[in-house]
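This is input13.cif. It holds mmCIF, C-alpha atoms and all ligand atoms.
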data_my_file
loop_
_atom_site.label_atom_id
_atom_site.label_comp_id
_atom_site.auth_asym_id
_atom_site.auth_seq_id
_atom_site.Cartn_x
_atom_site.Cartn_y
_atom_site.Cartn_z
CA MET A 1 0.00 0.00 0.00
CA GLN A 2 1.46 3.38 -1.02
CA ASP A 3 1.46 6.16 1.58
CA ARG A 4 -0.68 9.17 0.88
CA PRO A 5 1.44 11.98 -0.58
CA ARG A 6 1.74 15.05 1.64
CA ARG A 7 0.47 17.70 -0.75
CA LEU A 8 -0.01 21.38 -0.03
CA ARG A 9 -3.64 22.49 -0.29
CA ARG A 10 -3.54 25.97 1.28
CA CYS A 11 -5.35 27.15 -1.80
CA GLN A 12 -7.12 25.11 -4.46
CA LEU A 13 -7.74 27.34 -7.49
CA SER A 14 -10.74 26.48 -9.65
CA VAL A 15 -10.19 27.05 -13.36
CA PRO A 16 -12.82 26.42 -16.05
CA GLY A 17 -11.54 23.60 -18.28
CA SER A 18 -13.17 25.25 -21.27
CA SER A 19 -10.86 28.26 -21.02
CA GLU A 20 -7.39 27.73 -22.49
CA LYS A 21 -6.52 31.28 -21.51
CA MET A 22 -7.40 30.86 -17.84
CA MET A 23 -5.58 27.51 -17.65
CA ARG A 24 -2.47 29.14 -19.08
CA LYS A 25 -2.79 31.98 -16.59
CA ALA A 26 -3.15 29.51 -13.74
CA SER A 27 -0.01 27.63 -14.81
CA GLU A 28 1.96 30.87 -14.50
CA MET A 29 0.90 31.44 -10.88
CA ASP A 30 2.72 30.25 -7.76
CA LEU A 31 0.03 27.86 -6.68
CA ASP A 32 -0.19 24.89 -4.31
CA PHE A 33 -3.04 23.18 -6.10
CA VAL A 34 -5.11 23.74 -9.22
CA PHE A 35 -8.24 21.97 -10.35
CA LEU A 36 -9.25 22.18 -13.97
CA ASP A 37 -13.01 22.00 -13.99
CA LEU A 38 -15.35 19.93 -16.14
CA GLU A 39 -18.32 20.43 -13.84
CA ASP A 40 -20.20 23.61 -12.94
CA ALA A 41 -17.80 26.13 -14.50
CA VAL A 42 -18.36 24.49 -17.89
CA ALA A 43 -21.59 24.75 -19.91
CA PRO A 44 -23.05 21.42 -21.11
CA SER A 45 -22.23 22.23 -24.74
CA GLU A 46 -18.54 22.66 -23.79
CA LYS A 47 -18.11 19.66 -21.52
CA ARG A 48 -16.87 17.21 -24.15
CA PRO A 49 -14.45 19.60 -25.93
CA ALA A 50 -13.14 20.77 -22.53
CA ARG A 51 -11.69 17.30 -21.86
CA ALA A 52 -9.23 17.63 -24.75
CA LYS A 53 -8.37 21.20 -23.74
CA ILE A 54 -7.58 20.02 -20.22
CA VAL A 55 -5.40 17.17 -21.47
CA GLN A 56 -3.55 19.64 -23.69
CA ALA A 57 -3.06 22.05 -20.76
CA LEU A 58 -1.80 19.27 -18.47
CA ASN A 59 0.61 17.92 -21.06
CA THR A 60 2.03 21.12 -22.50
CA LEU A 61 2.04 23.85 -19.84
CA ASP A 62 4.74 24.08 -17.17
CA TRP A 63 2.89 23.69 -13.86
CA GLY A 64 6.01 23.80 -11.70
CA ARG A 65 5.33 22.78 -8.11
CA THR A 66 1.53 22.89 -8.51
CA THR A 67 -0.53 19.76 -7.80
CA ARG A 68 -2.68 19.12 -10.88
CA CYS A 69 -6.26 17.98 -10.41
CA VAL A 70 -9.32 17.64 -12.64
CA ARG A 71 -12.87 17.96 -11.32
CA ILE A 72 -15.09 15.52 -13.17
CA ASN A 73 -18.87 15.65 -13.44
CA ASP A 74 -20.86 13.85 -10.78
CA LEU A 75 -21.71 10.17 -11.03
CA THR A 76 -25.38 10.72 -11.92
CA THR A 77 -24.42 12.41 -15.21
CA GLU A 78 -23.70 10.91 -18.63
CA TYR A 79 -20.25 12.52 -18.53
CA ALA A 80 -18.47 11.20 -15.45
CA TYR A 81 -16.95 7.90 -16.64
CA GLU A 82 -15.72 9.35 -19.94
CA ASP A 83 -14.34 12.37 -18.06
CA ILE A 84 -12.11 10.01 -16.09
CA ILE A 85 -11.17 7.82 -19.05
CA GLU A 86 -10.33 10.65 -21.45
CA VAL A 87 -8.44 12.73 -18.94
CA VAL A 88 -6.43 9.89 -17.37
CA GLU A 89 -5.61 8.25 -20.71
CA GLY A 90 -4.67 11.61 -22.17
CA ALA A 91 -2.65 13.11 -19.32
CA ARG A 92 -1.30 9.98 -17.59
CA GLU A 93 1.49 10.98 -15.17
CA ASN A 94 0.74 14.67 -15.75
CA LEU A 95 -2.35 14.31 -13.57
CA ASP A 96 -2.11 13.99 -9.78
CA VAL A 97 -5.67 13.99 -8.45
CA ILE A 98 -9.28 13.47 -9.58
CA MET A 99 -11.90 15.55 -7.76
CA LEU A 100 -15.32 13.95 -7.35
CA PRO A 101 -18.22 16.38 -6.83
CA LYS A 102 -21.58 15.61 -5.22
CA ALA A 103 -20.47 12.28 -3.76
CA MET A 104 -23.40 10.71 -1.95
CA SER A 105 -21.80 7.69 -0.30
CA ALA A 106 -18.62 5.69 0.22
CA ALA A 107 -19.68 3.54 -2.76
CA ASP A 108 -19.42 6.56 -5.07
CA VAL A 109 -15.80 7.12 -4.07
CA GLN A 110 -15.08 3.39 -4.37
CA PHE A 111 -16.40 3.40 -7.94
CA VAL A 112 -13.87 6.08 -8.91
CA ASP A 113 -11.17 4.25 -6.96
CA LYS A 114 -11.81 0.99 -8.85
CA LEU A 115 -11.90 2.67 -12.24
CA LEU A 116 -8.59 4.42 -11.50
CA THR A 117 -7.06 1.13 -10.33
CA MET A 118 -8.00 -0.52 -13.62
CA MET A 119 -6.64 2.37 -15.64
CA GLU A 120 -3.38 2.58 -13.71
CA LYS A 121 -2.80 -1.11 -14.44
CA LYS A 122 -3.69 -0.83 -18.10
CA LEU A 123 -1.56 2.28 -18.66
CA GLY A 124 1.30 1.10 -16.44
CA LEU A 125 1.20 4.23 -14.31
CA THR A 126 3.60 4.10 -11.38
CA LYS A 127 2.21 7.11 -9.54
CA ARG A 128 -1.12 6.58 -7.79
CA ILE A 129 -3.74 9.18 -8.74
CA GLY A 130 -5.38 10.63 -5.63
CA ILE A 131 -9.04 11.45 -5.03
CA ASP A 132 -10.43 14.62 -3.43
CA VAL A 133 -14.15 14.50 -2.62
CA LEU A 134 -16.64 17.32 -2.37
CA ILE A 135 -19.12 17.04 0.48
CA GLU A 136 -21.94 19.25 -0.79
CA GLU A 137 -25.19 17.33 -0.40
CA VAL A 138 -27.03 16.73 2.87
CA GLU A 139 -26.84 12.96 2.18
CA ALA A 140 -23.05 13.23 1.97
CA MET A 141 -22.86 15.22 5.20
CA MET A 142 -24.82 12.45 6.92
CA GLN A 143 -22.41 9.85 5.45
CA VAL A 144 -19.24 11.86 5.90
CA GLU A 145 -17.59 9.39 8.28
CA ALA A 146 -18.12 6.45 5.90
CA ILE A 147 -16.94 8.56 2.96
CA ALA A 148 -13.77 9.53 4.85
CA ALA A 149 -13.10 5.82 5.45
CA SER A 150 -13.95 4.76 1.88
CA THR A 151 -10.50 4.14 0.33
CA PRO A 152 -6.79 4.78 1.02
CA ARG A 153 -6.72 6.63 -2.29
CA LEU A 154 -8.84 9.40 -0.77
CA GLU A 155 -6.68 12.39 0.18
CA CYS A 156 -9.04 15.22 1.04
CA LEU A 157 -12.63 16.17 1.90
CA ILE A 158 -13.83 19.58 0.72
CA PHE A 159 -16.86 21.39 2.13
CA GLY A 160 -18.76 22.75 -0.89
CA MET A 161 -21.04 25.37 0.61
CA GLY A 162 -22.69 26.44 -2.66
CA ASP A 163 -24.46 23.23 -3.53
CA TYR A 164 -24.70 22.38 0.15
CA SER A 165 -26.78 25.52 0.76
CA ALA A 166 -29.17 24.46 -1.96
CA SER A 167 -29.30 20.91 -0.67
CA GLN A 168 -30.15 21.91 2.91
CA GLY A 169 -32.38 24.83 1.95
CA ILE A 170 -30.06 27.47 3.40
CA SER A 171 -30.79 30.87 1.89
CA ILE A 172 -27.71 32.96 1.22
CA ARG A 173 -27.26 35.54 -1.49
CA ASP A 174 -23.70 34.70 -2.56
CA ILE A 175 -21.86 31.39 -2.34
CA GLY A 176 -19.94 31.23 0.92
CA GLY A 177 -21.65 34.16 2.64
CA PRO A 178 -22.45 36.55 4.20
CA SER A 179 -25.60 34.93 5.52
CA GLY A 180 -27.14 37.23 8.12
CA TYR A 181 -27.32 34.18 10.37
CA PRO A 182 -26.65 35.03 14.02
CA GLY A 183 -23.34 33.19 14.39
CA ASP A 184 -21.11 31.32 11.96
CA ILE A 185 -23.46 29.48 9.64
CA TRP A 186 -20.77 26.92 8.64
CA ASN A 187 -19.57 26.09 12.12
CA TYR A 188 -21.32 22.73 12.37
CA GLN A 189 -20.53 21.51 8.86
CA ARG A 190 -16.87 22.54 9.04
CA HIS A 191 -16.47 20.83 12.40
CA LYS A 192 -18.20 17.64 11.31
CA LEU A 193 -16.26 17.31 8.06
CA THR A 194 -12.92 18.15 9.68
CA ILE A 195 -13.43 15.61 12.46
CA ALA A 196 -14.12 12.87 9.89
CA ALA A 197 -11.11 13.88 7.79
CA ARG A 198 -8.70 14.06 10.71
CA ALA A 199 -9.89 10.72 12.07
CA HIS A 200 -8.78 9.17 8.77
CA ARG A 201 -5.59 11.24 8.44
CA ILE A 202 -6.76 13.10 5.35
CA ASP A 203 -6.99 16.82 4.59
CA ALA A 204 -10.05 19.00 5.15
CA VAL A 205 -10.49 21.99 2.83
CA ASP A 206 -13.04 24.80 2.79
CA GLY A 207 -14.95 25.59 -0.41
CA PRO A 208 -15.58 28.74 -2.45
CA TYR A 209 -16.29 32.37 -1.58
CA ALA A 210 -17.95 34.03 -4.54
CA ASP A 211 -17.36 37.69 -3.66
CA PHE A 212 -13.77 37.75 -4.94
CA LYS A 213 -13.58 41.54 -4.61
CA ASN A 214 -13.85 41.32 -0.81
CA PRO A 215 -10.46 40.05 0.43
CA ASP A 216 -11.15 40.94 4.07
CA ALA A 217 -14.26 38.79 4.28
CA TYR A 218 -12.49 35.99 2.41
CA ARG A 219 -9.51 36.18 4.78
CA GLU A 220 -11.86 35.91 7.74
CA GLU A 221 -13.45 32.76 6.24
CA CYS A 222 -9.95 31.31 5.76
CA ARG A 223 -9.13 32.07 9.39
CA ARG A 224 -12.27 30.38 10.68
CA ALA A 225 -11.58 27.26 8.63
CA MET A 226 -7.91 27.20 9.64
CA ILE A 227 -8.64 27.42 13.38
CA LEU A 228 -10.88 24.35 13.11
CA GLY A 229 -8.12 22.26 11.53
CA MET A 230 -8.79 22.75 7.83
CA VAL A 231 -5.63 23.06 5.72
CA GLY A 232 -6.88 25.34 2.95
CA LYS A 233 -9.66 27.03 1.02
CA TRP A 234 -10.76 27.25 -2.58
CA ALA A 235 -10.09 30.26 -4.74
CA ILE A 236 -12.32 31.01 -7.70
CA HIS A 237 -10.29 34.01 -8.86
CA PRO A 238 -6.53 34.73 -8.94
CA ALA A 239 -7.06 37.59 -6.45
CA GLN A 240 -7.90 35.07 -3.71
CA VAL A 241 -4.84 32.84 -4.08
CA ALA A 242 -2.24 34.81 -2.13
CA VAL A 243 -4.75 35.57 0.62
CA ALA A 244 -5.48 31.89 1.22
CA GLN A 245 -1.89 30.72 0.88
CA GLU A 246 -0.90 33.26 3.51
CA ALA A 247 -3.83 32.61 5.82
CA PHE A 248 -3.06 28.88 5.93
CA SER A 249 0.67 29.40 6.53
CA PRO A 250 1.80 29.71 10.14
CA SER A 251 3.84 32.83 10.90
CA GLU A 252 7.61 32.56 11.41
CA VAL A 253 7.09 33.77 14.98
CA ASP A 254 4.53 31.07 15.76
CA VAL A 255 6.69 28.33 14.24
CA ALA A 256 9.74 29.45 16.22
CA ARG A 257 7.66 29.53 19.40
CA ALA A 258 6.22 26.08 18.69
CA ARG A 259 9.66 24.56 18.14
CA ASP A 260 10.97 26.28 21.27
CA MET A 261 8.03 25.01 23.31
CA ILE A 262 8.61 21.43 22.16
CA LYS A 263 12.27 21.78 23.16
CA ALA A 264 11.33 23.18 26.58
CA TYR A 265 8.90 20.34 27.12
CA ASP A 266 11.48 17.70 26.12
CA GLU A 267 13.95 19.24 28.61
CA ALA A 268 11.30 19.16 31.34
CA LEU A 269 10.58 15.51 30.56
CA ALA A 270 14.28 14.68 30.87
CA GLN A 271 14.08 16.10 34.40
CA GLY A 272 11.09 13.93 35.20
CA LEU A 273 8.49 16.72 34.87
CA GLY A 274 5.22 16.31 32.91
CA ALA A 275 3.96 19.86 33.29
CA VAL A 276 6.00 23.06 33.47
CA GLN A 277 5.68 26.80 33.03
CA TYR A 278 6.35 28.19 29.57
CA GLY A 279 5.95 31.93 29.00
CA GLY A 280 4.16 32.13 32.36
CA LYS A 281 1.56 29.48 31.43
CA MET A 282 1.23 25.76 31.99
CA ILE A 283 2.27 23.42 29.20
CA ASP A 284 2.08 19.64 29.11
CA ILE A 285 1.94 16.92 26.47
CA ALA A 286 -1.44 18.20 25.18
CA SER A 287 0.05 21.66 24.55
CA VAL A 288 2.85 19.98 22.62
CA ARG A 289 0.41 17.94 20.52
CA VAL A 290 -1.42 21.15 19.56
CA VAL A 291 1.73 22.95 18.44
CA ARG A 292 3.03 19.86 16.61
CA ASN A 293 0.17 20.43 14.15
CA LEU A 294 1.60 23.87 13.50
CA VAL A 295 5.10 22.48 13.04
CA ASP A 296 3.64 19.87 10.70
CA ARG A 297 2.10 22.64 8.55
CA ALA A 298 5.45 24.46 8.56
CA ASP A 299 7.30 21.28 7.52
CA ARG A 300 4.93 20.73 4.63
CA ILE A 301 5.51 24.29 3.41
CA GLY A 302 9.25 23.89 3.91
CA MET A 303 9.53 26.66 6.53
N1 LIG A 401 -8.30 30.99 -13.11
C1 LIG A 401 -7.39 31.59 -13.93
N2 LIG A 401 -7.51 32.83 -14.41
C2 LIG A 401 -8.60 33.51 -14.03
C3 LIG A 401 -9.58 32.96 -13.20
C4 LIG A 401 -9.40 31.64 -12.74
N3 LIG A 401 -10.30 31.05 -11.93
N4 LIG A 401 -10.54 33.88 -12.99
C5 LIG A 401 -10.18 34.97 -13.68
N5 LIG A 401 -9.01 34.77 -14.32
C6 LIG A 401 -8.26 35.72 -15.14
C7 LIG A 401 -9.12 36.34 -16.21
O1 LIG A 401 -9.10 35.59 -17.38
C8 LIG A 401 -8.46 37.70 -16.38
O2 LIG A 401 -7.32 37.53 -17.19
P1 LIG A 401 -6.75 38.77 -18.08
O3 LIG A 401 -6.42 39.86 -17.12
O4 LIG A 401 -5.53 38.18 -18.76
O5 LIG A 401 -7.84 39.13 -19.02
C9 LIG A 401 -7.96 38.02 -14.98
O6 LIG A 401 -7.85 36.77 -14.29
C10 LIG A 401 -8.87 38.95 -14.22
O7 LIG A 401 -10.17 38.42 -14.22
P2 LIG A 401 -11.43 39.37 -14.04
O8 LIG A 401 -11.57 40.28 -15.23
O9 LIG A 401 -11.33 40.02 -12.70
O10 LIG A 401 -12.63 38.34 -13.97
P3 LIG A 401 -13.41 37.64 -15.19
O11 LIG A 401 -14.69 38.36 -15.46
O12 LIG A 401 -12.50 37.35 -16.34
O13 LIG A 401 -13.75 36.25 -14.47
C11 LIG A 401 -15.08 34.77 -13.16
C12 LIG A 401 -14.58 36.20 -13.33
C13 LIG A 401 -15.83 34.66 -11.87
C14 LIG A 401 -15.98 34.43 -14.34
C15 LIG A 401 -13.82 33.85 -13.16
O14 LIG A 401 -13.03 34.26 -12.08
C16 LIG A 401 -14.09 32.36 -13.09
O15 LIG A 401 -14.51 31.76 -14.07
N6 LIG A 401 -13.80 31.74 -11.92
C17 LIG A 401 -13.90 30.32 -11.74
C18 LIG A 401 -15.32 29.85 -11.67
C19 LIG A 401 -15.38 28.43 -11.28
O16 LIG A 401 -14.43 27.67 -11.48
N7 LIG A 401 -16.50 28.00 -10.69
C20 LIG A 401 -16.67 26.64 -10.25
C21 LIG A 401 -16.14 26.41 -8.88
S1 LIG A 401 -17.02 27.26 -7.62
MG MG A 402 -20.90 22.09 -6.38
#

Rewrite the coordinates I just gave you, this time as structure tokens.
Amino acid sequence: MQDRPRRLRRCQLSVPGSSEKMMRKASEMDLDFVFLDLEDAVAPSEKRPARAKIVQALNTLDWGRTTRCVRINDLTTEYAYEDIIEVVEGARENLDVIMLPKAMSAADVQFVDKLLTMMEKKLGLTKRIGIDVLIEEVEAMMQVEAIAASTPRLECLIFGMGDYSASQGISIRDIGGPSGYPGDIWNYQRHKLTIAARAHRIDAVDGPYADFKNPDAYREECRRAMILGMVGKWAIHPAQVAVAQEAFSPSEVDVARARDMIKAYDEALAQGLGAVQYGGKMIDIASVRVVRNLVDRADRIGM
């Protein structure tokens, strides 16, 4: 069994697969993760031609350090299986991850897993293609624990608040907010999804924020997701990328403090102490576990 790759997902930029221009633009950005879309950003008349455009973009553009993903259409459509076949056969090792939208159950993810297994064998691919899954239907939210456990190929759960709002009957004007709800309207869903993801050692990522001309509100949504344990957020426009990549990066000061705290704790342990003062406050093994998450983020970024 291969280990899951440790990919950066501070920002996942959505790019319509029908737009050669936007895909080229995306390839020129310093980006953790891109997904070339065949689903909602592409009109039905463009869905079939977009597959070839995506393959061309994956095979010919220089994506540098960026993880390359394609979002297929959901499994109730007439497109999904050919999306996978055309894109994987066309791009082969130039594709890292398939994103499955509107998953309803673990069986949906297992279908994609099995198809990819067959194709990897047939094509002789040595690199396992990962799966990221969008949780955006109420049925999926109810099944999120089973979905998180569905296959070792699964790398990430994403909370898709646009379709999710429609599915639950939540009325918001723009995707992602603001809602006018007294409190954080996504608190429950973000918690629930992140708990399931963490329990299965996979990433949790927050979905889109449509008002791309409001960086302050977007940054605040990033912060809320990050505090709960999510590792990144979607961007739907280039203007959001740097904001998310910064919001999900720990500061140099916090990383230095975390490393220093771990050192202080190890020294205390060597003296037979389980709890000591650090910066005038109590720390123990739980404090160290909390900051190890931060150090883990820093390690992934290469800080
Ligand atoms: N990826 C790459 N490039 C993008 C981009 C994206 N997601 N969104 C915009 N750009 C480019 C534009 O092509 C434009 O390029 P130019 O300056 O060379 O002409 C530049 O960034 C500025 O774009 P702007 O004029 O501000 O917006 P727009 O009207 O061209 O596009 C949207 C606005 C919302 C239509 C566009 O951002 C978009 O399609 N986003 C993705 C939508 C999507 O994927 N939805 C599904 C997931 S929720
Ligand atoms: Mg959706």

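Proximal residues of ligand LIG 401 (chain A) are Leu13, Ser14, Val15, Pro16, Lys21, Met22, Met23, Lys25, Ala26, Asp37, Asp40, Ala41, Pro208, Ile236, His237 and Pro238 of chain A, by a cut-off of 7 Å on only C-alpha atoms and all ligand atoms.
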
Which of A:Arg7, A:His200, A:Arg92, A:Arg24 sits closest to A:Gly124 [using only C-alpha atoms]: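 Once distances to A:Gly124 are computed over only C-alpha atoms, the minimum belongs to A:Arg92.
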
Expected residue set, 12 Å radius at (-20.4, 20.8, -19.5), all atoms listed in the file, as a list of chain:residue names: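 The residues that fall inside the cut-off are A:Pro16, A:Gly17, A:Ser18, A:Asp37, A:Leu38, A:Glu39, A:Asp40, A:Ala41, A:Val42, A:Ala43, A:Pro44, A:Ser45, A:Glu46, A:Lys47, A:Arg48, A:Pro49, A:Ala50, A:Arg51, A:Arg71, A:Ile72, A:Asn73, A:Asp74, A:Thr77, A:Glu78, A:Tyr79, A:Ala80, A:Asp83.
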
Preceding selection exported with C-alpha atoms as an mmCIF file, in the frame of the given file:
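Result went into selection-v7.cif, see below:
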data_model
loop_
_atom_site.group_PDB
_atom_site.id
_atom_site.type_symbol
_atom_site.label_atom_id
_atom_site.label_comp_id
_atom_site.auth_asym_id
_atom_site.auth_seq_id
_atom_site.Cartn_x
_atom_site.Cartn_y
_atom_site.Cartn_z
ATOM 1 C CA PRO A 16 -12.820 26.420 -16.050
ATOM 2 C CA GLY A 17 -11.540 23.600 -18.280
ATOM 3 C CA SER A 18 -13.170 25.250 -21.270
ATOM 4 C CA ASP A 37 -13.010 22.000 -13.990
ATOM 5 C CA LEU A 38 -15.350 19.930 -16.140
ATOM 6 C CA GLU A 39 -18.320 20.430 -13.840
ATOM 7 C CA ASP A 40 -20.200 23.610 -12.940
ATOM 8 C CA ALA A 41 -17.800 26.130 -14.500
ATOM 9 C CA VAL A 42 -18.360 24.490 -17.890
ATOM 10 C CA ALA A 43 -21.590 24.750 -19.910
ATOM 11 C CA PRO A 44 -23.050 21.420 -21.110
ATOM 12 C CA SER A 45 -22.230 22.230 -24.740
ATOM 13 C CA GLU A 46 -18.540 22.660 -23.790
ATOM 14 C CA LYS A 47 -18.110 19.660 -21.520
ATOM 15 C CA ARG A 48 -16.870 17.210 -24.150
ATOM 16 C CA PRO A 49 -14.450 19.600 -25.930
ATOM 17 C CA ALA A 50 -13.140 20.770 -22.530
ATOM 18 C CA ARG A 51 -11.690 17.300 -21.860
ATOM 19 C CA ARG A 71 -12.870 17.960 -11.320
ATOM 20 C CA ILE A 72 -15.090 15.520 -13.170
ATOM 21 C CA ASN A 73 -18.870 15.650 -13.440
ATOM 22 C CA ASP A 74 -20.860 13.850 -10.780
ATOM 23 C CA THR A 77 -24.420 12.410 -15.210
ATOM 24 C CA GLU A 78 -23.700 10.910 -18.630
ATOM 25 C CA TYR A 79 -20.250 12.520 -18.530
ATOM 26 C CA ALA A 80 -18.470 11.200 -15.450
ATOM 27 C CA ASP A 83 -14.340 12.370 -18.060
#

Expected answer as a count of residues only: residues within 7 Å of ligand MG 402 (chain A), only C-alpha atoms and all ligand atoms: 7

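As for atom CA of A:Asp299 and atom CA of A:Cys156, they are spaced 18.6 Å apart.
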
Completion step: stretch 210-224 of chain A with N, CA, C and O atoms as an mmCIF file, in the coordinates of the input:
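Printed below is part22.cif as written:
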data_model
loop_
_atom_site.group_PDB
_atom_site.id
_atom_site.type_symbol
_atom_site.label_atom_id
_atom_site.label_comp_id
_atom_site.auth_asym_id
_atom_site.auth_seq_id
_atom_site.Cartn_x
_atom_site.Cartn_y
_atom_site.Cartn_z
ATOM 1 N N ALA A 210 -17.687 33.467 -3.217
ATOM 2 C CA ALA A 210 -17.950 34.030 -4.540
ATOM 3 C C ALA A 210 -17.546 35.508 -4.684
ATOM 4 O O ALA A 210 -17.184 35.961 -5.772
ATOM 5 N N ASP A 211 -17.617 36.249 -3.576
ATOM 6 C CA ASP A 211 -17.360 37.690 -3.660
ATOM 7 C C ASP A 211 -15.856 37.942 -3.673
ATOM 8 O O ASP A 211 -15.264 38.332 -2.661
ATOM 9 N N PHE A 212 -15.242 37.730 -4.866
ATOM 10 C CA PHE A 212 -13.770 37.750 -4.940
ATOM 11 C C PHE A 212 -13.199 39.152 -4.832
ATOM 12 O O PHE A 212 -11.990 39.341 -4.779
ATOM 13 N N LYS A 213 -14.096 40.168 -4.782
ATOM 14 C CA LYS A 213 -13.580 41.540 -4.610
ATOM 15 C C LYS A 213 -13.596 41.954 -3.146
ATOM 16 O O LYS A 213 -13.423 43.127 -2.832
ATOM 17 N N ASN A 214 -13.817 41.003 -2.243
ATOM 18 C CA ASN A 214 -13.850 41.320 -0.810
ATOM 19 C C ASN A 214 -12.808 40.475 -0.062
ATOM 20 O O ASN A 214 -13.143 39.486 0.591
ATOM 21 N N PRO A 215 -11.519 40.880 -0.178
ATOM 22 C CA PRO A 215 -10.460 40.050 0.430
ATOM 23 C C PRO A 215 -10.563 39.949 1.949
ATOM 24 O O PRO A 215 -10.178 38.928 2.519
ATOM 25 N N ASP A 216 -11.085 40.986 2.602
ATOM 26 C CA ASP A 216 -11.150 40.940 4.070
ATOM 27 C C ASP A 216 -12.118 39.861 4.539
ATOM 28 O O ASP A 216 -11.824 39.095 5.455
ATOM 29 N N ALA A 217 -13.278 39.814 3.889
ATOM 30 C CA ALA A 217 -14.260 38.790 4.280
ATOM 31 C C ALA A 217 -13.737 37.396 3.938
ATOM 32 O O ALA A 217 -13.915 36.445 4.706
ATOM 33 N N TYR A 218 -13.066 37.285 2.817
ATOM 34 C CA TYR A 218 -12.490 35.990 2.410
ATOM 35 C C TYR A 218 -11.412 35.544 3.404
ATOM 36 O O TYR A 218 -11.370 34.379 3.820
ATOM 37 N N ARG A 219 -10.567 36.492 3.808
ATOM 38 C CA ARG A 219 -9.510 36.180 4.780
ATOM 39 C C ARG A 219 -10.110 35.682 6.089
ATOM 40 O O ARG A 219 -9.616 34.735 6.704
ATOM 41 N N GLU A 220 -11.199 36.313 6.500
ATOM 42 C CA GLU A 220 -11.860 35.910 7.740
ATOM 43 C C GLU A 220 -12.420 34.474 7.627
ATOM 44 O O GLU A 220 -12.314 33.664 8.551
ATOM 45 N N GLU A 221 -12.961 34.136 6.451
ATOM 46 C CA GLU A 221 -13.450 32.760 6.240
ATOM 47 C C GLU A 221 -12.283 31.766 6.275
ATOM 48 O O GLU A 221 -12.415 30.665 6.812
ATOM 49 N N CYS A 222 -11.147 32.167 5.700
ATOM 50 C CA CYS A 222 -9.950 31.310 5.760
ATOM 51 C C CYS A 222 -9.553 31.081 7.215
ATOM 52 O O CYS A 222 -9.249 29.954 7.620
ATOM 53 N N ARG A 223 -9.565 32.156 7.996
ATOM 54 C CA ARG A 223 -9.130 32.070 9.390
ATOM 55 C C ARG A 223 -10.036 31.129 10.180
ATOM 56 O O ARG A 223 -9.570 30.289 10.948
ATOM 57 N N ARG A 224 -11.329 31.248 9.961
ATOM 58 C CA ARG A 224 -12.270 30.380 10.680
ATOM 59 C C ARG A 224 -12.036 28.914 10.350
ATOM 60 O O ARG A 224 -12.067 28.050 11.216
#
